[in-house]
file protein10.cif (mmCIF, C-alpha atoms)
data_protein
loop_
_atom_site.label_atom_id
_atom_site.label_comp_id
_atom_site.auth_asym_id
_atom_site.auth_seq_id
_atom_site.Cartn_x
_atom_site.Cartn_y
_atom_site.Cartn_z
CA MET Z 57 9.98 -1.19 -18.88
CA ILE Z 58 6.54 -1.21 -17.26
CA ARG Z 59 3.94 0.72 -19.28
CA HIS Z 60 0.64 -0.36 -17.70
CA HIS Z 61 0.28 0.69 -14.08
CA LEU Z 62 -2.20 0.37 -11.24
CA SER Z 63 -5.18 2.71 -11.11
CA ASP Z 64 -5.63 5.24 -8.31
CA ASP Z 65 -8.64 3.46 -6.83
CA LEU Z 66 -6.65 0.23 -6.42
CA LEU Z 67 -3.76 2.06 -4.76
CA MET Z 68 -6.12 3.96 -2.48
CA GLY Z 69 -7.99 0.76 -1.60
CA HIS Z 70 -4.73 -1.03 -0.80
CA ALA Z 71 -3.54 1.91 1.33
CA ALA Z 72 -6.87 1.88 3.17
CA GLY Z 73 -6.69 -1.90 3.56
CA THR Z 74 -10.13 -2.47 2.05
CA LEU Z 75 -9.38 -4.37 -1.17
CA PRO Z 76 -10.43 -7.97 -1.70
CA GLU Z 77 -7.39 -10.11 -0.90
CA ALA Z 78 -6.91 -11.28 -4.51
CA PHE Z 79 -6.76 -7.68 -5.75
CA GLY Z 80 -4.40 -6.81 -2.90
CA LEU Z 81 -2.11 -9.59 -4.11
CA ILE Z 82 -2.00 -8.01 -7.58
CA VAL Z 83 -1.24 -4.59 -6.08
CA ALA Z 84 1.47 -5.90 -3.73
CA THR Z 85 3.11 -7.90 -6.52
CA HIS Z 86 3.06 -5.02 -9.01
CA VAL Z 87 4.38 -2.58 -6.39
CA SER Z 88 7.22 -5.00 -5.67
CA LEU Z 89 8.23 -4.61 -9.33
CA CYS Z 90 7.36 -0.94 -9.91
CA ASP Z 91 8.96 1.99 -8.05
CA GLU Z 92 6.49 4.45 -9.51
CA CYS Z 93 3.44 2.66 -8.13
CA ARG Z 94 5.26 2.10 -4.83
CA ALA Z 95 5.72 5.85 -4.57
CA ARG Z 96 2.04 6.42 -5.39
CA LEU Z 97 1.01 3.81 -2.81
CA MET Z 98 3.19 5.49 -0.16
CA THR Z 99 1.47 8.77 -0.90
CA TYR Z 100 -1.97 7.21 -0.47
CA GLU Z 101 -0.72 5.87 2.86
CA ALA Z 102 0.34 9.43 3.72
CA LEU Z 103 -3.23 10.49 2.91
CA GLY Z 104 -4.33 7.83 5.41
CA GLY Z 105 -2.03 9.46 7.96
CA ALA Z 106 -3.70 12.80 7.22
CA VAL Z 107 -7.13 11.18 7.72
CA LEU Z 108 -5.92 9.68 11.02
CA ASP Z 109 -5.23 13.21 12.25
CA THR Z 110 -8.83 14.32 11.68
CA GLU Z 111 -10.68 12.30 14.32
CA ALA Z 112 -9.93 11.68 17.98
CA ALA Z 113 -11.72 9.77 20.75
CA ALA Z 114 -10.82 10.02 24.44
CA LEU Z 115 -9.16 7.03 26.06
CA ALA Z 116 -9.62 5.54 29.51
CA ASP Z 117 -7.63 7.29 32.26
CA ASP Z 118 -5.33 4.33 32.78
CA ALA Z 119 -4.83 3.62 29.04
CA LEU Z 120 -1.14 4.50 29.01
CA GLU Z 121 -0.41 2.25 32.01
CA ARG Z 122 -2.32 -0.60 30.42
CA CYS Z 123 -0.49 -0.08 27.16
CA MET Z 124 2.90 -0.15 28.92
CA ALA Z 125 1.88 -3.34 30.71
CA ARG Z 126 1.41 -5.03 27.34
CA ILE Z 127 4.87 -4.27 26.16
CA GLY Z 128 6.84 -7.45 26.34
CA GLY Z 129 9.84 -8.63 24.41
CA GLN Z 130 10.80 -7.36 20.99
CA GLU Z 131 8.91 -8.95 18.14
CA ALA Z 132 10.95 -10.77 15.56
CA GLN Z 133 10.89 -9.08 12.19
CA PRO Z 134 10.23 -11.39 9.28
CA ARG Z 135 12.31 -10.49 6.29
CA ARG Z 136 11.24 -11.79 2.94
CA VAL Z 137 13.68 -12.38 0.16
CA ALA Z 138 12.62 -12.22 -3.47
CA SER Z 139 13.30 -15.19 -5.67
CA ALA Z 140 14.49 -15.12 -9.24
CA THR Z 141 11.04 -15.80 -10.69
CA LEU Z 142 8.42 -14.72 -8.17
CA PRO Z 143 8.14 -11.42 -6.29
CA ALA Z 144 7.98 -11.78 -2.50
CA PRO Z 145 4.19 -11.41 -1.99
CA LEU Z 146 3.55 -14.31 -4.37
CA LEU Z 147 6.09 -16.58 -2.69
CA ASP Z 148 3.83 -16.61 0.38
CA TYR Z 149 0.83 -17.74 -1.64
CA VAL Z 150 2.60 -20.31 -3.78
CA GLY Z 151 4.56 -21.66 -0.81
CA GLY Z 152 7.82 -21.35 -2.69
CA ASP Z 153 9.22 -20.65 -6.09
CA LEU Z 154 7.62 -21.23 -9.51
CA SER Z 155 8.69 -24.88 -9.31
CA LYS Z 156 6.28 -25.26 -6.34
CA VAL Z 157 3.19 -24.17 -8.30
CA LYS Z 158 0.58 -26.94 -8.49
CA TRP Z 159 -0.63 -26.46 -12.07
CA LYS Z 160 -3.90 -27.87 -13.37
CA THR Z 161 -4.30 -28.37 -17.11
CA LEU Z 162 -7.09 -26.46 -18.83
CA GLY Z 163 -6.42 -27.83 -22.32
CA MET Z 164 -4.41 -26.60 -25.29
CA GLY Z 165 -1.35 -26.29 -23.07
CA VAL Z 166 -2.98 -23.66 -20.87
CA ARG Z 167 -2.55 -24.30 -17.17
CA GLN Z 168 -3.77 -22.56 -14.03
CA ALA Z 169 -3.23 -22.68 -10.30
CA ILE Z 170 -5.81 -21.13 -8.00
CA LEU Z 171 -4.23 -19.34 -5.04
CA PRO Z 172 -5.78 -19.39 -1.58
CA THR Z 173 -7.53 -16.05 -1.00
CA SER Z 174 -10.81 -14.86 0.48
CA ARG Z 175 -13.91 -15.49 -1.61
CA ARG Z 176 -14.60 -11.81 -2.35
CA ALA Z 177 -12.35 -12.29 -5.37
CA SER Z 178 -10.25 -15.12 -6.75
CA ALA Z 179 -6.59 -15.16 -7.74
CA ARG Z 180 -4.82 -17.62 -9.97
CA LEU Z 181 -1.61 -18.08 -11.85
CA LEU Z 182 -2.08 -18.69 -15.56
CA TYR Z 183 0.42 -20.41 -17.81
CA ILE Z 184 -0.11 -19.78 -21.53
CA PRO Z 185 2.29 -21.39 -24.02
CA ALA Z 186 3.99 -18.95 -26.39
CA GLY Z 187 1.73 -18.14 -29.34
CA GLN Z 188 -1.35 -19.65 -27.66
CA ALA Z 189 -4.66 -17.77 -27.35
CA VAL Z 190 -6.77 -17.66 -24.21
CA PRO Z 191 -10.44 -18.22 -25.13
CA ASP Z 192 -12.50 -15.10 -25.84
CA HIS Z 193 -13.99 -13.93 -22.62
CA GLY Z 194 -16.01 -11.13 -21.16
CA HIS Z 195 -16.33 -10.17 -17.52
CA ARG Z 196 -19.18 -9.84 -15.12
CA GLY Z 197 -16.90 -7.99 -12.71
CA ARG Z 198 -13.40 -6.67 -12.84
CA GLU Z 199 -10.38 -8.66 -13.93
CA LEU Z 200 -6.79 -7.62 -13.19
CA THR Z 201 -3.99 -9.41 -15.02
CA LEU Z 202 -0.33 -8.93 -14.10
CA VAL Z 203 2.34 -10.37 -16.40
CA LEU Z 204 5.15 -12.17 -14.59
CA GLN Z 205 6.93 -13.70 -17.56
CA GLY Z 206 6.63 -13.40 -21.35
CA ALA Z 207 3.97 -11.11 -22.82
CA PHE Z 208 0.48 -11.13 -24.26
CA ARG Z 209 -1.43 -8.94 -26.68
CA ASP Z 210 -5.12 -8.26 -26.99
CA GLU Z 211 -7.33 -5.76 -28.78
CA THR Z 212 -6.12 -2.96 -26.52
CA ASP Z 213 -2.32 -3.28 -26.34
CA ARG Z 214 0.74 -5.36 -25.53
CA PHE Z 215 1.40 -6.36 -21.93
CA GLY Z 216 4.91 -7.35 -20.86
CA PRO Z 217 6.54 -8.26 -17.53
CA GLY Z 218 5.21 -6.09 -14.69
CA ASP Z 219 2.34 -4.65 -16.75
CA VAL Z 220 -1.20 -4.79 -15.34
CA GLU Z 221 -4.29 -4.96 -17.51
CA ILE Z 222 -7.45 -3.72 -15.82
CA ALA Z 223 -10.48 -5.17 -17.63
CA ASP Z 224 -13.91 -3.99 -16.61
CA GLN Z 225 -17.40 -5.27 -17.17
CA GLU Z 226 -17.86 -4.06 -20.76
CA MET Z 227 -14.64 -5.52 -22.07
CA GLU Z 228 -14.58 -8.58 -24.31
CA HIS Z 229 -11.05 -9.47 -25.26
CA LYS Z 230 -8.94 -12.22 -26.72
CA PRO Z 231 -5.47 -12.27 -25.20
CA VAL Z 232 -2.79 -14.11 -27.18
CA ALA Z 233 0.60 -14.99 -25.68
CA GLU Z 234 3.48 -13.65 -27.73
CA ALA Z 235 5.74 -16.02 -29.60
CA GLY Z 236 9.03 -16.82 -27.91
CA VAL Z 237 8.71 -17.17 -24.13
CA ASP Z 238 5.72 -18.90 -22.50
CA CYS Z 239 3.55 -16.37 -20.69
CA ILE Z 240 2.89 -16.56 -16.94
CA CYS Z 241 0.34 -14.17 -15.41
CA LEU Z 242 -1.25 -13.52 -12.07
CA ALA Z 243 -4.96 -12.87 -12.64
CA ALA Z 244 -7.59 -11.76 -10.14
CA THR Z 245 -11.30 -11.31 -10.63
CA ASP Z 246 -14.22 -10.42 -8.41
CA ALA Z 247 -16.69 -12.40 -10.54
CA PRO Z 248 -16.50 -15.65 -12.47
CA LEU Z 249 -15.25 -15.19 -16.03
CA ARG Z 250 -17.79 -15.91 -18.74
CA PHE Z 251 -16.48 -17.42 -21.90
CA THR Z 252 -18.23 -16.69 -25.15
CA ASP Z 253 -17.50 -20.15 -26.54
CA PHE Z 254 -19.84 -22.92 -25.47
CA LEU Z 255 -17.36 -25.49 -24.22
CA PRO Z 256 -15.28 -23.37 -21.90
CA ARG Z 257 -18.50 -22.17 -20.26
CA LEU Z 258 -19.40 -25.78 -19.54
CA MET Z 259 -15.98 -26.24 -18.00
CA GLN Z 260 -16.32 -23.29 -15.65
CA PRO Z 261 -17.92 -25.09 -12.70
CA PHE Z 262 -15.15 -27.66 -12.76
CA PHE Z 263 -12.21 -25.33 -13.02
CA ARG Z 264 -13.60 -22.35 -11.10
CA ILE Z 265 -12.41 -19.93 -13.73
CA MET Q 195 18.75 12.70 30.78
CA GLU Q 196 18.20 15.54 28.40
CA ALA Q 197 14.52 16.17 27.78
CA HIS Q 198 14.53 17.35 24.19
CA PRO Q 199 17.95 18.14 22.79
CA PRO Q 200 17.70 21.00 20.31
CA SER Q 201 18.96 18.79 17.54
CA GLY Q 202 19.07 20.18 14.05
CA LEU Q 203 17.09 17.32 12.54
CA PHE Q 204 15.65 19.71 10.01
CA ARG Q 205 17.42 22.62 8.48
CA PRO Q 206 14.51 24.25 6.69
CA PRO Q 207 15.45 26.67 3.94
CA ALA Q 208 14.24 30.25 4.09
CA TYR Q 209 11.34 29.72 1.68
CA VAL Q 210 9.53 27.56 4.21
CA ALA Q 211 8.94 30.57 6.43
CA ALA Q 212 7.60 32.44 3.42
CA GLN Q 213 5.07 29.65 2.86
CA GLY Q 214 3.85 30.14 6.42
CA GLY Q 215 4.33 26.46 7.18
CA MET Q 216 6.92 26.70 9.94
CA GLY Q 217 4.57 26.17 12.86
CA ALA Q 218 3.14 23.00 11.44
CA LEU Q 219 6.52 21.86 10.23
CA ARG Q 220 7.96 22.27 13.70
CA VAL Q 221 5.21 19.97 14.96
CA GLN Q 222 6.22 17.33 12.39
CA ASP Q 223 9.83 17.83 13.41
CA ASP Q 224 8.83 17.31 17.04
CA TRP Q 225 7.16 13.97 16.38
CA VAL Q 226 10.12 12.71 14.37
CA ARG Q 227 12.39 13.72 17.25
CA GLN Q 228 10.07 12.11 19.81
CA MET Q 229 10.18 8.87 17.83
CA ALA Q 230 13.98 8.98 17.82
CA ALA Q 231 13.81 9.25 21.62
CA VAL Q 232 11.25 6.42 21.83
CA LYS Q 233 13.62 4.30 19.77
CA SER Q 234 16.30 4.80 22.40
CA GLY Q 235 13.87 3.72 25.14
CA ASP Q 236 12.68 7.11 26.44
CA ARG Q 237 9.37 6.44 28.23
CA ALA Q 238 8.55 10.12 28.71
CA ALA Q 239 8.79 10.67 24.98
CA PHE Q 240 6.59 7.62 24.42
CA ALA Q 241 4.00 9.02 26.83
CA GLU Q 242 3.78 12.15 24.66
CA VAL Q 243 3.45 10.10 21.49
CA PHE Q 244 0.77 8.05 23.23
CA ARG Q 245 -1.22 11.06 24.42
CA HIS Q 246 -1.29 12.52 20.93
CA PHE Q 247 -1.78 9.46 18.76
CA ALA Q 248 -3.72 6.94 20.87
CA PRO Q 249 -6.94 9.05 20.78
CA ARG Q 250 -6.54 9.45 17.01
CA VAL Q 251 -6.07 5.72 16.54
CA LYS Q 252 -9.13 5.09 18.69
CA GLY Q 253 -11.14 7.63 16.71
CA PHE Q 254 -10.05 6.04 13.43
CA LEU Q 255 -10.99 2.56 14.65
CA MET Q 256 -14.41 3.67 15.86
CA LYS Q 257 -15.12 5.39 12.55
CA SER Q 258 -14.02 2.17 10.86
CA GLY Q 259 -16.70 0.19 12.65
CA ALA Q 260 -15.14 -0.89 15.96
CA ASN Q 261 -17.16 -0.37 19.14
CA ALA Q 262 -15.69 1.79 21.91
CA ALA Q 263 -14.34 -1.12 23.95
CA GLN Q 264 -12.71 -2.83 20.96
CA ALA Q 265 -11.26 0.47 19.77
CA GLU Q 266 -9.84 1.26 23.22
CA ASP Q 267 -8.22 -2.16 23.47
CA CYS Q 268 -6.92 -2.08 19.92
CA ALA Q 269 -5.56 1.49 20.24
CA GLN Q 270 -3.51 0.43 23.28
CA ASP Q 271 -2.26 -2.49 21.26
CA VAL Q 272 -1.32 -0.30 18.29
CA LEU Q 273 0.64 2.05 20.54
CA ALA Q 274 2.39 -0.90 22.18
CA THR Q 275 3.49 -1.87 18.66
CA VAL Q 276 4.72 1.70 18.10
CA TRP Q 277 6.99 1.25 21.12
CA GLN Q 278 8.16 -2.18 20.08
CA LYS Q 279 8.79 -1.34 16.43
CA ALA Q 280 10.15 2.18 16.93
CA GLY Q 281 13.44 1.00 15.47
CA LEU Q 282 11.73 0.31 12.16
CA TYR Q 283 10.28 3.79 11.80
CA ASP Q 284 11.99 5.55 8.89
CA PRO Q 285 11.26 9.31 8.88
CA ALA Q 286 12.58 9.60 5.32
CA LYS Q 287 9.76 7.37 4.07
CA ALA Q 288 6.77 8.38 6.19
CA SER Q 289 5.58 10.92 8.73
CA VAL Q 290 4.82 9.58 12.21
CA SER Q 291 1.06 9.89 11.48
CA THR Q 292 1.43 7.86 8.31
CA TRP Q 293 3.48 5.16 9.99
CA ILE Q 294 1.03 4.85 12.89
CA PHE Q 295 -1.86 4.82 10.41
CA THR Q 296 -0.37 1.76 8.69
CA ILE Q 297 0.00 -0.07 12.02
CA ALA Q 298 -3.59 0.80 12.98
CA ARG Q 299 -4.85 -0.29 9.55
CA ASN Q 300 -3.09 -3.65 9.86
CA ARG Q 301 -4.46 -4.24 13.37
CA LEU Q 302 -7.94 -3.30 12.21
CA ILE Q 303 -7.73 -5.85 9.39
CA ASP Q 304 -6.91 -8.56 11.97
CA MET Q 305 -9.48 -7.39 14.48
CA ALA Q 306 -12.39 -6.95 12.07
CA ARG Q 307 -11.37 -10.07 10.12
CA ARG Q 308 -11.22 -8.08 6.96
CA ASP Q 309 -9.52 -9.49 3.90
CA ARG Q 310 -5.82 -10.19 4.41
CA ARG Q 311 -3.62 -7.46 2.93
CA PRO Q 312 -0.57 -8.82 1.08
CA GLU Q 313 2.46 -6.62 1.74
CA PRO Q 314 4.76 -5.52 -1.07
CA GLU Q 315 8.37 -6.64 -0.94
CA LEU Q 316 10.19 -4.51 1.63
CA LEU Q 317 12.67 -1.89 0.52
CA ASP Q 318 16.08 -2.00 2.10
CA GLN Q 319 16.22 0.37 5.03
CA GLU Q 320 18.95 2.96 5.16
CA PRO Q 321 20.84 2.74 8.46
CA GLU Q 322 20.74 6.53 8.76
CA PRO Q 323 17.94 8.38 6.99
CA ASP Q 324 19.00 11.22 4.73
CA GLN Q 325 18.03 14.44 6.50
CA ALA Q 326 17.00 16.15 3.27
CA ASP Q 327 14.58 13.25 2.65
CA VAL Q 328 13.27 13.46 6.21
CA TYR Q 329 12.59 17.13 5.67
CA GLU Q 330 10.93 16.60 2.28
CA THR Q 331 8.72 13.81 3.65
CA ALA Q 332 7.51 16.11 6.42
CA GLN Q 333 6.86 18.84 3.84
CA GLU Q 334 4.85 16.54 1.63
CA ASN Q 335 2.83 15.36 4.54
CA LEU Q 336 1.96 18.95 5.37
CA ARG Q 337 0.88 19.54 1.79
CA LEU Q 338 -1.41 16.53 1.96
CA VAL Q 339 -2.87 17.57 5.30
CA ALA Q 340 -3.43 21.08 3.90
CA ALA Q 341 -4.94 19.69 0.71
CA LEU Q 342 -7.34 17.59 2.76
CA GLU Q 343 -8.25 20.53 5.01
CA GLN Q 344 -8.91 22.85 2.10
CA LEU Q 345 -11.34 20.50 0.39
CA PRO Q 346 -15.05 21.29 0.58
CA GLU Q 347 -16.54 19.39 3.53
CA LYS Q 348 -18.47 16.97 1.31
CA GLN Q 349 -15.36 15.90 -0.60
CA ARG Q 350 -13.22 15.72 2.52
CA GLN Q 351 -15.81 13.47 4.09
CA LEU Q 352 -15.69 11.15 1.07
CA ILE Q 353 -11.92 10.75 1.33
CA ARG Q 354 -12.24 10.00 5.02
CA ARG Q 355 -15.01 7.49 4.38
CA ALA Q 356 -12.81 5.69 1.83
CA TYR Q 357 -10.19 5.19 4.55
CA TRP Q 358 -12.78 4.18 7.13
CA GLY Q 359 -13.90 1.41 4.77
CA GLU Q 360 -17.32 2.95 4.14
CA LEU Q 361 -16.97 3.15 0.36
CA THR Q 362 -17.04 0.10 -1.88
CA GLN Q 363 -14.20 -0.35 -4.32
CA SER Q 364 -16.53 0.42 -7.23
CA GLU Q 365 -17.54 3.65 -5.48
CA ILE Q 366 -13.88 4.62 -5.20
CA ALA Q 367 -13.25 3.52 -8.81
CA ALA Q 368 -16.17 5.61 -10.05
CA GLU Q 369 -14.58 8.56 -8.23
CA THR Q 370 -18.03 10.11 -7.93
CA GLY Q 371 -17.41 13.23 -5.92
CA LEU Q 372 -14.00 11.95 -4.80
CA PRO Q 373 -11.54 14.79 -5.35
CA LEU Q 374 -8.76 12.51 -6.49
CA GLY Q 375 -7.69 15.18 -9.00
CA THR Q 376 -6.90 17.61 -6.18
CA ILE Q 377 -5.17 14.94 -4.19
CA LYS Q 378 -3.33 13.73 -7.28
CA SER Q 379 -1.87 17.16 -7.94
CA ARG Q 380 -0.28 16.90 -4.50
CA ILE Q 381 0.64 13.31 -5.07
CA ARG Q 382 2.47 14.21 -8.27
CA LEU Q 383 4.90 16.33 -6.26
CA ALA Q 384 5.60 13.49 -3.88
CA LEU Q 385 5.90 11.06 -6.72
CA ASP Q 386 8.54 13.06 -8.56
CA ARG Q 387 10.76 13.15 -5.54
CA LEU Q 388 10.17 9.58 -4.47
CA ARG Q 389 10.78 8.25 -7.95
CA LEU Q 390 14.03 10.13 -8.03
CA ARG Q 391 15.04 8.82 -4.64
CA LEU Q 392 14.10 5.25 -5.48
CA ALA Q 393 16.02 5.50 -8.73
CA GLU Q 394 19.01 6.86 -6.85
CA GLY Q 395 18.68 4.06 -4.32
CA SER Q 396 18.93 1.40 -6.98
CA ALA Q 397 21.72 3.27 -8.74
CA THR Q 398 23.91 3.36 -5.63
CA THR Q 399 23.76 -0.39 -5.30
CA THR Q 400 25.20 -0.89 -8.76
CA THR Q 401 27.60 2.02 -9.12
CA THR Q 402 30.18 3.57 -6.88
CA PRO Q 403 28.56 6.42 -4.98
CA ASP Q 404 30.15 9.74 -5.75
CA PHE Q 405 28.80 12.34 -3.37
CA PRO Q 406 30.04 15.89 -3.60
CA LYS Q 407 31.44 16.67 -0.16
CA ASP Q 408 31.01 20.40 -0.25
CA LYS Q 409 29.50 22.95 -2.55
CA THR Q 410 31.90 25.84 -2.06
#
call {"tool": "encode", "arguments": {"input": "protein10.cif", "output": "structure tokens"}}
result
Amino acid sequence: MIRHHLSDDLLMGHAAGTLPEAFGLIVATHVSLCDECRARLMTYEALGGAVLDTEAAALADDALERCMARIGGQEAQPRRVASATLPAPLLDYVGGDLSKVKWKTLGMGVRQAILPTSRRASARLLYIPAGQAVPDHGHRGRELTLVLQGAFRDETDRFGPGDVEIADQEMEHKPVAEAGVDCICLAATDAPLRFTDFLPRLMQPFFRI
Amino acid sequence: MEAHPPSGLFRPPAYVAAQGGMGALRVQDDWVRQMAAVKSGDRAAFAEVFRHFAPRVKGFLMKSGANAAQAEDCAQDVLATVWQKAGLYDPAKASVSTWIFTIARNRLIDMARRDRRPEPELLDQEPEPDQADVYETAQENLRLVAALEQLPEKQRQLIRRAYWGELTQSEIAAETGLPLGTIKSRIRLALDRLRLRLAEGSATTTTTPDFPKDKT
């Protein structure tokens, strides 16, 4: 049961096609798991349709003919199939299933894999062993964390599979993975994280976290 | 070839007339019907769709930062895609404007080299859209168009600018002057129905469908 959903600005930005790619990946992945946010996204797309109706510009006289001349064969329609562990949008970025993730160790059993996105924001998969804490960190920008497996808790609440935590600038938090199942998250941020402990801050340039 | 068969795609209940929305609804109905004709290869129907939507796509692209020549070229391309992908248009999920908006948005992202937009997992497409859903989708679209029209000019302009890519994400998040509350009250209506339909959709895959055949 998903309890933490996407905010309206993220859904509107995704409908408008203006989000940083890493944030778009969070939105697309959550929507793949959440009918409610899919419905909200579709309605923001409908608002885009309403905006489309508000502005017109005249075309060249021969525009229709030139358009018809472009029409060639039918395009093939790619059809993506979800895997057991990763929703379809993530499969594209990982290049396969969870077994294909190229993890890098961060210490204390925590692993990450940075996904290829534009530089406006970064996206990575995080692997946190059950019961393990992620170092205390604050944010210079915005950080979105989507749980794919297991669960974590921080000062605000519990986040289980499909839940999204939206952490803004002011927030300092200490997420801890729940006991039981190891926690796997997709995290995206539009600024480098800053850790409040000395050592992890030193590590930042090396790990790009 | 029949020009426009008077098909009963929509069977609007009496209350629609009372809401005064029939004229606009008939227009929605027309575009859905035109798209059905385009799907079957009707070039005359496509020409009508083109004449209505190509200038709107061009206008949207120019507002989104394309110059006139790029926008002209890209609008022709978007409409060519409308012809080619007509078979994928599902009137139960989106109005024709909404569907064409999403194609234009995706082309704009490619053209302007904006950030790639990851697509959510696709929903299974019903072979034949449910006519009640088609009707409801058209209704909701009208409510959104009306909600947008009724906004004070300043707020309406902000919504438009968000879709033209003129607002930063933090500006949208701050919602300063953005009438998301007004829009959300309309969205809530759509959400209730869509959630129900999506829930039904997943239910029918796991249980035996049991549709009442008549209500007499």
call {"tool": "interface_residues", "arguments": {"input": "protein10.cif", "of": "chain Z", "to": "chain Q", "cutoff": "7 Å", "atoms": "all atoms listed in the file", "output": "number ranges by chain"}}
result
Z: 65, 69, 72-74, 76-77, 80-81, 84-85, 87-88, 91-92, 95-96, 99, 101-109, 111-115, 119, 123-124, 126-127, 130, 144-145, 174
call {"tool": "atom_distance", "arguments": {"input": "protein10.cif", "atom1": "atom CA of Z:Leu66", "atom2": "atom CA of Z:Lys230"}}
result
23.9 Å
call {"tool": "residues_near_point", "arguments": {"input": "protein10.cif", "point": "(2.1, -16.0, -30.0)", "cutoff": "9 Å", "atoms": "all atoms listed in the file", "output": "NGL selection string"}}
result
:Z and (185-189 or 207-209 or 232-238)
call {"tool": "resolve_selection", "arguments": {"input": "protein10.cif", "expression": "the PyMOL selection byres ((chain Z and resi 167) around 10)", "output": "PyMOL selection string"}}
result
chain Z and resi 158-166+168-169+181-185+240
call {"tool": "residues_near_point", "arguments": {"input": "protein10.cif", "point": "(17.4, 0.7, 21.5)", "cutoff": "9 Å", "atoms": "only C-alpha atoms", "output": "list in words"}}
result
Val232, Lys233, Ser234, Gly235, Ala280 and Gly281 of chain Q
call {"tool": "residues_around", "arguments": {"input": "protein10.cif", "residues": "Z:Phe215", "least_positions_apart": "5", "cutoff": "9 Å", "atoms": "all atoms listed in the file", "output": "count of residues only"}}
result
12
call {"tool": "atom_distance", "arguments": {"input": "protein10.cif", "atom1": "atom CA of Z:Cys90", "atom2": "atom CA of Z:Ile222"}}
result
16.2 Å
call {"tool": "atom_distance", "arguments": {"input": "protein10.cif", "atom1": "atom CA of Z:Ala78", "atom2": "atom CA of Z:Asp246"}}
result
8.3 Å
call {"tool": "axis_aligned_box", "arguments": {"input": "protein10.cif", "around": "stretch 279-289 of chain Q", "padding_each_side": "5 Å", "output": "AutoDock Vina command-line options"}}
result
--center_x 9.5 --center_y 4.8 --center_z 10.5 --size_x 17.9 --size_y 22.3 --size_z 22.9
call {"tool": "decode", "arguments": {"input": "protein10.cif", "residues": "stretch 62-75 of chain Z", "atoms": "N, CA and C atoms", "output": "mmCIF file, in the first residue's frame"}}
result
data_model
loop_
_atom_site.group_PDB
_atom_site.id
_atom_site.type_symbol
_atom_site.label_atom_id
_atom_site.label_comp_id
_atom_site.auth_asym_id
_atom_site.auth_seq_id
_atom_site.Cartn_x
_atom_site.Cartn_y
_atom_site.Cartn_z
ATOM 1 N N LEU Z 62 3.636 11.380 -5.217
ATOM 2 C CA LEU Z 62 4.332 12.484 -5.878
ATOM 3 C C LEU Z 62 3.604 13.804 -5.619
ATOM 4 N N SER Z 63 4.335 14.895 -5.598
ATOM 5 C CA SER Z 63 3.707 16.204 -5.412
ATOM 6 C C SER Z 63 3.172 16.716 -6.755
ATOM 7 N N ASP Z 64 2.255 17.674 -6.676
ATOM 8 C CA ASP Z 64 1.646 18.213 -7.892
ATOM 9 C C ASP Z 64 2.672 18.857 -8.829
ATOM 10 N N ASP Z 65 3.663 19.538 -8.255
ATOM 11 C CA ASP Z 65 4.623 20.219 -9.137
ATOM 12 C C ASP Z 65 5.439 19.214 -9.947
ATOM 13 N N LEU Z 66 5.738 18.050 -9.347
ATOM 14 C CA LEU Z 66 6.494 17.035 -10.092
ATOM 15 C C LEU Z 66 5.645 16.433 -11.211
ATOM 16 N N LEU Z 67 4.358 16.199 -10.902
ATOM 17 C CA LEU Z 67 3.471 15.633 -11.924
ATOM 18 C C LEU Z 67 3.259 16.637 -13.057
ATOM 19 N N MET Z 68 3.087 17.908 -12.683
ATOM 20 C CA MET Z 68 2.895 18.934 -13.707
ATOM 21 C C MET Z 68 4.159 19.080 -14.564
ATOM 22 N N GLY Z 69 5.318 19.074 -13.899
ATOM 23 C CA GLY Z 69 6.583 19.178 -14.630
ATOM 24 C C GLY Z 69 6.794 18.000 -15.568
ATOM 25 N N HIS Z 70 6.404 16.809 -15.144
ATOM 26 C CA HIS Z 70 6.564 15.632 -15.996
ATOM 27 C C HIS Z 70 5.594 15.694 -17.177
ATOM 28 N N ALA Z 71 4.361 16.159 -16.900
ATOM 29 C CA ALA Z 71 3.378 16.310 -17.986
ATOM 30 C C ALA Z 71 3.867 17.351 -18.993
ATOM 31 N N ALA Z 72 4.471 18.419 -18.489
ATOM 32 C CA ALA Z 72 4.963 19.472 -19.383
ATOM 33 C C ALA Z 72 6.265 19.068 -20.077
ATOM 34 N N GLY Z 73 6.925 18.048 -19.543
ATOM 35 C CA GLY Z 73 8.185 17.593 -20.139
ATOM 36 C C GLY Z 73 9.361 18.483 -19.795
ATOM 37 N N THR Z 74 9.318 19.128 -18.624
ATOM 38 C CA THR Z 74 10.372 20.077 -18.268
ATOM 39 C C THR Z 74 11.212 19.646 -17.058
ATOM 40 N N LEU Z 75 10.969 18.474 -16.514
ATOM 41 C CA LEU Z 75 11.735 18.036 -15.348
ATOM 42 C C LEU Z 75 13.162 17.642 -15.742
#
